[in-house]
Amino acid sequence: MKLSVLLGFALGFSFVFPCAYAAEPTRPNLLWITAEDMSPVLGCYGDAYAHTPNIDKLAKESVRYLNAYATAPVCSPVRSCLITGVHAVSLGTQHLRSAFPLPGFIHGFPHYLRKAGYYTTNNVKTDYNTSSEKRLIRESWNESSPKAHWRGRKGEAKPFFSIFNLMVSHQSRSMVYPYEKFQKEVQSKLTAEQIHDPAKAPLPPYYPDTPITRRTVARFYDCVTLMDKQVGDILKQLEEDGLADDTIVFFYSDHGSGLPRHKRVALDSGLRVPLLIRYPEKFKHLASGKSGTTTDRLVSFVDFAPSMLSLLDLPIPEYMQGKPFLGSKAVAPRKYVHAARDRVDEAYDFARATRDKRWLYVRNYRPDLSFNQPTYYSDMGEVRHEFYKLAKFGKTSGPQRDYAGPVRPLEALYDCLADPMNLKNLATDRKHLKDLNRLRNTQRQWTRKVRDLGFLPEELVKAMSLESTPYEATRREKDFPSEELIDAVDLIGIDEERRDDLLGLLGSDDPALRYWGLIGLGEHDHICETCYDDLKYVLGDKVACNRIEAAALLHENDQKEGLPVLLKELKGNDPDLVLRTARALELLGDKAKPAVPSMDKALKKWRKKRSEGPLGLFIEFSLEAALIRLGSDPGTRTLSY
């Protein structure tokens with residue numbers, strides 16, 4: 001018999017009876033435990049006010065990461081990135097509650113684990129921020145439900161990947177719920193010793209020292225303590241099932257804590273997260289360090305998906321943008337991480353953050369908007385009104401003014417080693433011009449590399465991707481965003497001398513350039529009278545978002561032609577455009593009083609359309625807030641989500 005035939009028999013025999021020959025190496029189980037809305041406020045990260053014994057114990061058995069960062073300071077864009085390994089700004093999913101589709105070839109990374117024989121479960125949040133969510137869920141998970149658990153697999157030998165998303169530290173619990181509901185759902189599950197004393201609460205300099213602020217901070221730490229107990233319960237189940245020695249455990253949070261100046265803000269307080277990875281003894285060869293050690297390696301959420309595949313020695317799809325930091329395909333440490341803040345609920349925004357181990361650079365493309373701009377859901381938390389009240393009466397300190405004031409810097413540069421709370425902006429200090437330019441250029445290169453869709457308003461993204469997806473649409477362009485578009489956006493916040501350049505954009509053939517010309521003009525304190533004719537011309541723009549922005553500017557400057565256009569757009573049925581109009585009217589304040597009857601009618605209409613999608617909910621948010629501020633009764637308040 002030929003040697004090749006004998007070898008074939010031998011290989012076949014070893015596959016059927018693996019104990020007879022060299023067995024295939026055992027594959028690890030993977031367990032992700034994720035906490036909602038939590039900065040590294042843990043004992044193992046040096047927080048003396050925290051009570052987190054279970055996580056602290058896990059940290060002693062894990063590699064603890066000091067420089068792990070979310071790709072956005074809010075959940076849905078982050079989850080879009082985590083599941084795909086692609087930046088949300090590349091997918092068009094950077095705005096909260098996006099409904100853009102993904103290309104069919106982009107899958108959730110657990111899809112590849114399932115194909116490799118893993119049992120995959122998700123308990124329970126998905127929130128992938130795309131109209132392709134159902135497909136992602138179907139492909140990624142054997143089960144995604146409140147009951148999803150590794151215990152649902154058939155056959156103990158089958159490896160698993162399980163996620164448990166812990167909601168108790170979410171902003172809803174830590175800040176938004178009425179205090180009585182928080183006491184019932186959180187504090188009642190803690191012992192007296194585990195409840196935090198508000199008098200001892202550590203307040204950062206950007207928080208006013210008031211009883212409400214102290215109570216809110218203490219409340220947040222109570223939520224973290226209950227979350228820690230839940231972590232302990234999951235790890236205990238792993239031990240009880242005899243699986244701890246076969247499972248690599250990850251613990252991290254989805255972005256910064258759900259308190260003011262953390263969640264929704266592209267600073268370290270909104271982006272830096274805890275990350276612990278525990279390797280059992282049999283998988284120490286896969287570990288990125290020894291148990292109980294720390295690493296200052298920069299890690300971004302975009303790295304997680306390719307790292308999971310690398311950890312199992314599986315191929316990494318070319319479309320994934322992250323750098324694997326674990327496993328056989330791990331690459332050299334990255335030099336920079338990047339993050340994006342765009343629309344959250346009804347609050348429009350556009351900021352980009354770039355970080356190395358020392359410096360954080362932030363470009364605020366809407367410097368006319370406060371870090372603390374009004375937003376319905378967060379404003380349900382009583383602590384937010386402490387900031388509004390103190391800012392109104394000029395009783396805030398420097399760091400508090402920086403957060404709660406009406407504007408913010410066009411550019412910010414922070415030395416995070418000397419200034420970990422990002423309190424001192426060094427962007428105008430010529431001693432740091434070299435680092436400013438380096439990070440500024442790095443960020444610009446990144447926006448080009450990932451084809452950042454934030455440079456277009458959502459309405460234009462929808463128009464360009466009607467027959468495909470935003471991801472594919474940008475890749476049909478030779479270069480996106482173009483240098484011309486970036487240069488136009490860079491005019492934002494520049495002094496009055498560049499106003500003619502902004503006006504020139506209004507005559508462009510490119511609707512995106514016209515849009516940014518309008519945004520730039522709106523950021524100046526006063527619109528010159530010679531600008532009015534140009535703005536009135538844009539009222540006839542074929543692109544509705546441009547008509548809305550021009551109309552809002554005109555009405556703000558007491559030009560009678562603006563309001564009729566806003567009222568007409570408010571009657572429409574496109575939620576993107578109605579939301580933009582509602583928010584414009586809300587931010588007009590008292591000048592929106594003539595629109596009260598129309599806003600009231602629109603609110604009733606969108607309440608009836610609530611089931612049609614989240615943008616309708618945000619329209620309700622904006623209209624209710626505007627009507628209340630104008631002294632009108634909006635009727636039944638919108639429920640929080």
# chains A, B, ... in the order shown; residues from 1 in each chain; ligands from 1
>>> residues_around(residues="range 25-40 of chain A", least_positions_apart="2", cutoff="8 Å", atoms="only C-alpha atoms", output="PyMOL selection string")
chain A and resi 23+42+45+159-171+224+227+231+246-258+263+269-274+283+312
>>> residues_around(residues="range 104-116 of chain A", least_positions_apart="6", cutoff="6 Å", atoms="only C-alpha atoms", output="number ranges by chain")
A: 83-84, 136, 139-140, 305
>>> residues_around(residues="Val89 in chain A", least_positions_apart="4", cutoff="8 Å", atoms="only C-alpha atoms", output="ChimeraX atom specification")
/A:93-94,340,450-454
>>> select_by_dssp(residues="range 224-466 of chain A", states="strand (DSSP E or B)", output="number ranges by chain")
A: 247-253, 272-278, 294-300, 337-341, 344, 347, 351-355, 359-364, 411-415
>>> residues_around(residues="His338 in chain A", least_positions_apart="2", cutoff="9 Å", atoms="only C-alpha atoms", output="PyMOL selection string")
chain A and resi 69-72+300+336+340+352-355+443+446
>>> closest_residue(among="A:Ala339, A:Val299, A:Leu286, A:Ala427", to="Gly322 in chain A", atoms="only C-alpha atoms")
A:Val299
>>> residues_around(residues="range 404-406 of chain A", least_positions_apart="6", cutoff="12 Å", atoms="only C-alpha atoms", output="ChimeraX atom specification")
/A:206-208,260-261,366-374,384-398,523,525,587
>>> select_by_dssp(residues="range 2-249 of chain A", states="helix (DSSP H, G or I)", output="ChimeraX atom specification")
/A:3-16,43-45,53-60,75-84,88-91,110-115,133-140,150-152,171-176,179-185,187-189,192-194,198-200,211-240,244-246
>>> residues_around(residues="Ile548 in chain A", least_positions_apart="6", cutoff="8 Å", atoms="only C-alpha atoms", output="list in words")
Leu539, Val565, Leu566, Glu569, Arg580, Thr581 and Ala584 of chain A
>>> closest_residue(among="A:Gly327, A:Pro470, A:Pro198, A:Pro211", to="Leu91 in chain A", atoms="only C-alpha atoms")
A:Pro470
>>> atom_distance(atom1="CA of Pro53 in chain A", atom2="CA of Pro146 in chain A")
25.5 Å
>>> atom_distance(atom1="CA of Gln230 in chain A", atom2="CA of Ile195 in chain A")
15.9 Å
>>> residues_around(residues="Leu413 in chain A", least_positions_apart="2", cutoff="7 Å", atoms="only C-alpha atoms", output="JSON list (two decimals) with N, CA and C atoms, in the first residue's frame")
[["chain", "number", "residue", "atom", "x", "y", "z"],
["A", 359, "TRP", "N", -1.20, 62.76, 24.62],
["A", 359, "TRP", "CA", -1.98, 63.92, 24.19],
["A", 359, "TRP", "C", -3.35, 63.53, 23.65],
["A", 360, "LEU", "N", -4.32, 64.37, 23.94],
["A", 360, "LEU", "CA", -5.66, 64.27, 23.35],
["A", 360, "LEU", "C", -5.92, 65.53, 22.55],
["A", 361, "TYR", "N", -6.23, 65.34, 21.27],
["A", 361, "TYR", "CA", -6.58, 66.46, 20.40],
["A", 361, "TYR", "C", -8.05, 66.33, 20.00],
["A", 362, "VAL", "N", -8.81, 67.41, 20.16],
["A", 362, "VAL", "CA", -10.23, 67.40, 19.81],
["A", 362, "VAL", "C", -10.51, 68.56, 18.86],
["A", 411, "GLU", "N", -10.61, 74.09, 18.73],
["A", 411, "GLU", "CA", -9.63, 73.03, 18.90],
["A", 411, "GLU", "C", -9.23, 72.94, 20.36],
["A", 415, "ASP", "N", -2.73, 67.68, 27.73],
["A", 415, "ASP", "CA", -1.65, 66.81, 28.18],
["A", 415, "ASP", "C", -2.25, 65.86, 29.22],
["A", 425, "ASN", "N", -6.77, 73.56, 28.31],
["A", 425, "ASN", "CA", -6.60, 73.50, 26.86],
["A", 425, "ASN", "C", -5.31, 74.20, 26.46],
["A", 426, "LEU", "N", -4.40, 73.45, 25.84],
["A", 426, "LEU", "CA", -3.09, 73.99, 25.46],
["A", 426, "LEU", "C", -2.99, 74.27, 23.97],
["A", 427, "ALA", "N", -4.12, 74.28, 23.28],
["A", 427, "ALA", "CA", -4.09, 74.42, 21.82],
["A", 427, "ALA", "C", -3.51, 75.76, 21.37],
["A", 436, "LEU", "N", 0.45, 69.77, 18.46],
["A", 436, "LEU", "CA", -0.85, 70.15, 17.91],
["A", 436, "LEU", "C", -0.91, 69.84, 16.41]]
>>> closest_residue(among="A:Thr375, A:Val217, A:Ser291, A:Thr120", to="Met175 in chain A", atoms="only C-alpha atoms")
A:Val217
>>> closest_residue(among="A:Thr210, A:Tyr537, A:Asn122, A:Gly289", to="Gly152 in chain A", atoms="only C-alpha atoms")
A:Asn122
>>> closest_residue(among="A:Tyr532, A:Tyr279, A:Phe621, A:Phe325", to="Pro306 in chain A", atoms="only C-alpha atoms")
A:Phe325
>>> decode(residues="range 585-632 of chain A", atoms="N, CA and C atoms", output="PDB file, in the first residue's frame")
ATOM      1  N   LEU A 585     -36.116  75.019  15.592  1.00  0.00           N
ATOM      2  CA  LEU A 585     -37.108  75.824  16.313  1.00  0.00           C
ATOM      3  C   LEU A 585     -36.845  75.798  17.808  1.00  0.00           C
ATOM      4  N   GLU A 586     -36.474  74.650  18.333  1.00  0.00           N
ATOM      5  CA  GLU A 586     -36.176  74.556  19.762  1.00  0.00           C
ATOM      6  C   GLU A 586     -35.036  75.493  20.147  1.00  0.00           C
ATOM      7  N   LEU A 587     -33.978  75.502  19.349  1.00  0.00           N
ATOM      8  CA  LEU A 587     -32.808  76.320  19.674  1.00  0.00           C
ATOM      9  C   LEU A 587     -33.045  77.803  19.405  1.00  0.00           C
ATOM     10  N   LEU A 588     -34.099  78.144  18.687  1.00  0.00           N
ATOM     11  CA  LEU A 588     -34.433  79.557  18.476  1.00  0.00           C
ATOM     12  C   LEU A 588     -35.002  80.197  19.739  1.00  0.00           C
ATOM     13  N   GLY A 589     -35.392  79.388  20.718  1.00  0.00           N
ATOM     14  CA  GLY A 589     -35.884  79.921  21.980  1.00  0.00           C
ATOM     15  C   GLY A 589     -37.136  80.753  21.811  1.00  0.00           C
ATOM     16  N   ASP A 590     -37.158  81.928  22.417  1.00  0.00           N
ATOM     17  CA  ASP A 590     -38.349  82.788  22.399  1.00  0.00           C
ATOM     18  C   ASP A 590     -38.746  83.200  20.985  1.00  0.00           C
ATOM     19  N   LYS A 591     -37.795  83.212  20.077  1.00  0.00           N
ATOM     20  CA  LYS A 591     -38.123  83.618  18.710  1.00  0.00           C
ATOM     21  C   LYS A 591     -38.993  82.590  17.994  1.00  0.00           C
ATOM     22  N   ALA A 592     -39.137  81.415  18.610  1.00  0.00           N
ATOM     23  CA  ALA A 592     -39.986  80.383  18.006  1.00  0.00           C
ATOM     24  C   ALA A 592     -41.438  80.492  18.459  1.00  0.00           C
ATOM     25  N   LYS A 593     -41.778  81.490  19.278  1.00  0.00           N
ATOM     26  CA  LYS A 593     -43.153  81.603  19.789  1.00  0.00           C
ATOM     27  C   LYS A 593     -44.217  81.621  18.691  1.00  0.00           C
ATOM     28  N   PRO A 594     -43.992  82.305  17.572  1.00  0.00           N
ATOM     29  CA  PRO A 594     -45.027  82.276  16.529  1.00  0.00           C
ATOM     30  C   PRO A 594     -45.284  80.876  15.959  1.00  0.00           C
ATOM     31  N   ALA A 595     -44.361  79.962  16.204  1.00  0.00           N
ATOM     32  CA  ALA A 595     -44.506  78.609  15.661  1.00  0.00           C
ATOM     33  C   ALA A 595     -45.190  77.658  16.623  1.00  0.00           C
ATOM     34  N   VAL A 596     -45.587  78.127  17.811  1.00  0.00           N
ATOM     35  CA  VAL A 596     -46.152  77.237  18.833  1.00  0.00           C
ATOM     36  C   VAL A 596     -47.343  76.428  18.309  1.00  0.00           C
ATOM     37  N   PRO A 597     -48.346  77.030  17.649  1.00  0.00           N
ATOM     38  CA  PRO A 597     -49.475  76.218  17.160  1.00  0.00           C
ATOM     39  C   PRO A 597     -49.024  75.114  16.198  1.00  0.00           C
ATOM     40  N   SER A 598     -48.103  75.439  15.317  1.00  0.00           N
ATOM     41  CA  SER A 598     -47.615  74.436  14.366  1.00  0.00           C
ATOM     42  C   SER A 598     -46.809  73.347  15.073  1.00  0.00           C
ATOM     43  N   MET A 599     -46.014  73.731  16.069  1.00  0.00           N
ATOM     44  CA  MET A 599     -45.249  72.739  16.812  1.00  0.00           C
ATOM     45  C   MET A 599     -46.184  71.812  17.584  1.00  0.00           C
ATOM     46  N   ASP A 600     -47.222  72.379  18.160  1.00  0.00           N
ATOM     47  CA  ASP A 600     -48.183  71.565  18.907  1.00  0.00           C
ATOM     48  C   ASP A 600     -48.871  70.557  17.977  1.00  0.00           C
ATOM     49  N   LYS A 601     -49.240  71.001  16.799  1.00  0.00           N
ATOM     50  CA  LYS A 601     -49.891  70.114  15.832  1.00  0.00           C
ATOM     51  C   LYS A 601     -48.930  69.011  15.374  1.00  0.00           C
ATOM     52  N   ALA A 602     -47.677  69.390  15.118  1.00  0.00           N
ATOM     53  CA  ALA A 602     -46.685  68.402  14.690  1.00  0.00           C
ATOM     54  C   ALA A 602     -46.410  67.382  15.794  1.00  0.00           C
ATOM     55  N   LEU A 603     -46.391  67.839  17.038  1.00  0.00           N
ATOM     56  CA  LEU A 603     -46.158  66.927  18.154  1.00  0.00           C
ATOM     57  C   LEU A 603     -47.253  65.867  18.224  1.00  0.00           C
ATOM     58  N   LYS A 604     -48.486  66.271  18.099  1.00  0.00           N
ATOM     59  CA  LYS A 604     -49.603  65.312  18.125  1.00  0.00           C
ATOM     60  C   LYS A 604     -49.470  64.306  16.977  1.00  0.00           C
ATOM     61  N   LYS A 605     -49.058  64.797  15.812  1.00  0.00           N
ATOM     62  CA  LYS A 605     -48.895  63.931  14.643  1.00  0.00           C
ATOM     63  C   LYS A 605     -47.825  62.868  14.896  1.00  0.00           C
ATOM     64  N   TRP A 606     -46.673  63.281  15.424  1.00  0.00           N
ATOM     65  CA  TRP A 606     -45.574  62.333  15.590  1.00  0.00           C
ATOM     66  C   TRP A 606     -45.775  61.419  16.779  1.00  0.00           C
ATOM     67  N   ARG A 607     -46.593  61.837  17.733  1.00  0.00           N
ATOM     68  CA  ARG A 607     -46.955  60.899  18.797  1.00  0.00           C
ATOM     69  C   ARG A 607     -47.738  59.717  18.233  1.00  0.00           C
ATOM     70  N   LYS A 608     -48.572  59.988  17.259  1.00  0.00           N
ATOM     71  CA  LYS A 608     -49.345  58.913  16.630  1.00  0.00           C
ATOM     72  C   LYS A 608     -48.451  58.028  15.757  1.00  0.00           C
ATOM     73  N   LYS A 609     -47.320  58.580  15.309  1.00  0.00           N
ATOM     74  CA  LYS A 609     -46.408  57.842  14.427  1.00  0.00           C
ATOM     75  C   LYS A 609     -45.252  57.225  15.215  1.00  0.00           C
ATOM     76  N   ARG A 610     -45.396  57.127  16.525  1.00  0.00           N
ATOM     77  CA  ARG A 610     -44.281  56.705  17.379  1.00  0.00           C
ATOM     78  C   ARG A 610     -43.690  55.366  16.966  1.00  0.00           C
ATOM     79  N   SER A 611     -44.514  54.490  16.448  1.00  0.00           N
ATOM     80  CA  SER A 611     -44.032  53.145  16.112  1.00  0.00           C
ATOM     81  C   SER A 611     -43.188  53.116  14.840  1.00  0.00           C
ATOM     82  N   GLU A 612     -43.084  54.245  14.157  1.00  0.00           N
ATOM     83  CA  GLU A 612     -42.389  54.252  12.870  1.00  0.00           C
ATOM     84  C   GLU A 612     -40.870  54.358  12.980  1.00  0.00           C
ATOM     85  N   GLY A 613     -40.374  54.552  14.182  1.00  0.00           N
ATOM     86  CA  GLY A 613     -38.923  54.583  14.318  1.00  0.00           C
ATOM     87  C   GLY A 613     -38.445  55.601  15.323  1.00  0.00           C
ATOM     88  N   PRO A 614     -37.167  55.497  15.725  1.00  0.00           N
ATOM     89  CA  PRO A 614     -36.632  56.342  16.798  1.00  0.00           C
ATOM     90  C   PRO A 614     -36.567  57.820  16.474  1.00  0.00           C
ATOM     91  N   LEU A 615     -36.413  58.185  15.190  1.00  0.00           N
ATOM     92  CA  LEU A 615     -36.331  59.612  14.878  1.00  0.00           C
ATOM     93  C   LEU A 615     -37.632  60.314  15.241  1.00  0.00           C
ATOM     94  N   GLY A 616     -38.750  59.601  15.119  1.00  0.00           N
ATOM     95  CA  GLY A 616     -40.018  60.175  15.556  1.00  0.00           C
ATOM     96  C   GLY A 616     -40.010  60.482  17.040  1.00  0.00           C
ATOM     97  N   LEU A 617     -39.381  59.613  17.815  1.00  0.00           N
ATOM     98  CA  LEU A 617     -39.258  59.848  19.257  1.00  0.00           C
ATOM     99  C   LEU A 617     -38.432  61.100  19.520  1.00  0.00           C
ATOM    100  N   PHE A 618     -37.358  61.278  18.758  1.00  0.00           N
ATOM    101  CA  PHE A 618     -36.504  62.450  18.962  1.00  0.00           C
ATOM    102  C   PHE A 618     -37.216  63.733  18.530  1.00  0.00           C
ATOM    103  N   ILE A 619     -38.088  63.628  17.523  1.00  0.00           N
ATOM    104  CA  ILE A 619     -38.918  64.778  17.156  1.00  0.00           C
ATOM    105  C   ILE A 619     -39.796  65.167  18.334  1.00  0.00           C
ATOM    106  N   GLU A 620     -40.376  64.174  18.978  1.00  0.00           N
ATOM    107  CA  GLU A 620     -41.175  64.438  20.176  1.00  0.00           C
ATOM    108  C   GLU A 620     -40.324  65.103  21.257  1.00  0.00           C
ATOM    109  N   PHE A 621     -39.123  64.562  21.474  1.00  0.00           N
ATOM    110  CA  PHE A 621     -38.220  65.145  22.472  1.00  0.00           C
ATOM    111  C   PHE A 621     -38.061  66.650  22.231  1.00  0.00           C
ATOM    112  N   SER A 622     -37.715  66.984  20.988  1.00  0.00           N
ATOM    113  CA  SER A 622     -37.383  68.369  20.669  1.00  0.00           C
ATOM    114  C   SER A 622     -38.602  69.283  20.770  1.00  0.00           C
ATOM    115  N   LEU A 623     -39.736  68.840  20.229  1.00  0.00           N
ATOM    116  CA  LEU A 623     -40.935  69.672  20.255  1.00  0.00           C
ATOM    117  C   LEU A 623     -41.469  69.847  21.674  1.00  0.00           C
ATOM    118  N   GLU A 624     -41.463  68.796  22.453  1.00  0.00           N
ATOM    119  CA  GLU A 624     -41.920  68.923  23.839  1.00  0.00           C
ATOM    120  C   GLU A 624     -41.054  69.905  24.615  1.00  0.00           C
ATOM    121  N   ALA A 625     -39.725  69.753  24.468  1.00  0.00           N
ATOM    122  CA  ALA A 625     -38.816  70.648  25.177  1.00  0.00           C
ATOM    123  C   ALA A 625     -39.045  72.095  24.765  1.00  0.00           C
ATOM    124  N   ALA A 626     -39.239  72.328  23.463  1.00  0.00           N
ATOM    125  CA  ALA A 626     -39.460  73.691  22.968  1.00  0.00           C
ATOM    126  C   ALA A 626     -40.759  74.265  23.520  1.00  0.00           C
ATOM    127  N   LEU A 627     -41.818  73.484  23.496  1.00  0.00           N
ATOM    128  CA  LEU A 627     -43.123  73.973  23.965  1.00  0.00           C
ATOM    129  C   LEU A 627     -43.102  74.262  25.459  1.00  0.00           C
ATOM    130  N   ILE A 628     -42.463  73.408  26.216  1.00  0.00           N
ATOM    131  CA  ILE A 628     -42.369  73.641  27.666  1.00  0.00           C
ATOM    132  C   ILE A 628     -41.584  74.918  27.939  1.00  0.00           C
ATOM    133  N   ARG A 629     -40.500  75.110  27.219  1.00  0.00           N
ATOM    134  CA  ARG A 629     -39.668  76.300  27.424  1.00  0.00           C
ATOM    135  C   ARG A 629     -40.416  77.571  27.046  1.00  0.00           C
ATOM    136  N   LEU A 630     -41.338  77.443  26.122  1.00  0.00           N
ATOM    137  CA  LEU A 630     -42.118  78.602  25.679  1.00  0.00           C
ATOM    138  C   LEU A 630     -43.399  78.783  26.486  1.00  0.00           C
ATOM    139  N   GLY A 631     -43.557  77.959  27.528  1.00  0.00           N
ATOM    140  CA  GLY A 631     -44.705  78.122  28.419  1.00  0.00           C
ATOM    141  C   GLY A 631     -45.976  77.494  27.913  1.00  0.00           C
ATOM    142  N   SER A 632     -45.861  76.610  26.918  1.00  0.00           N
ATOM    143  CA  SER A 632     -47.034  75.939  26.375  1.00  0.00           C
ATOM    144  C   SER A 632     -47.100  74.519  26.917  1.00  0.00           C
TER     145      SER A 632
END
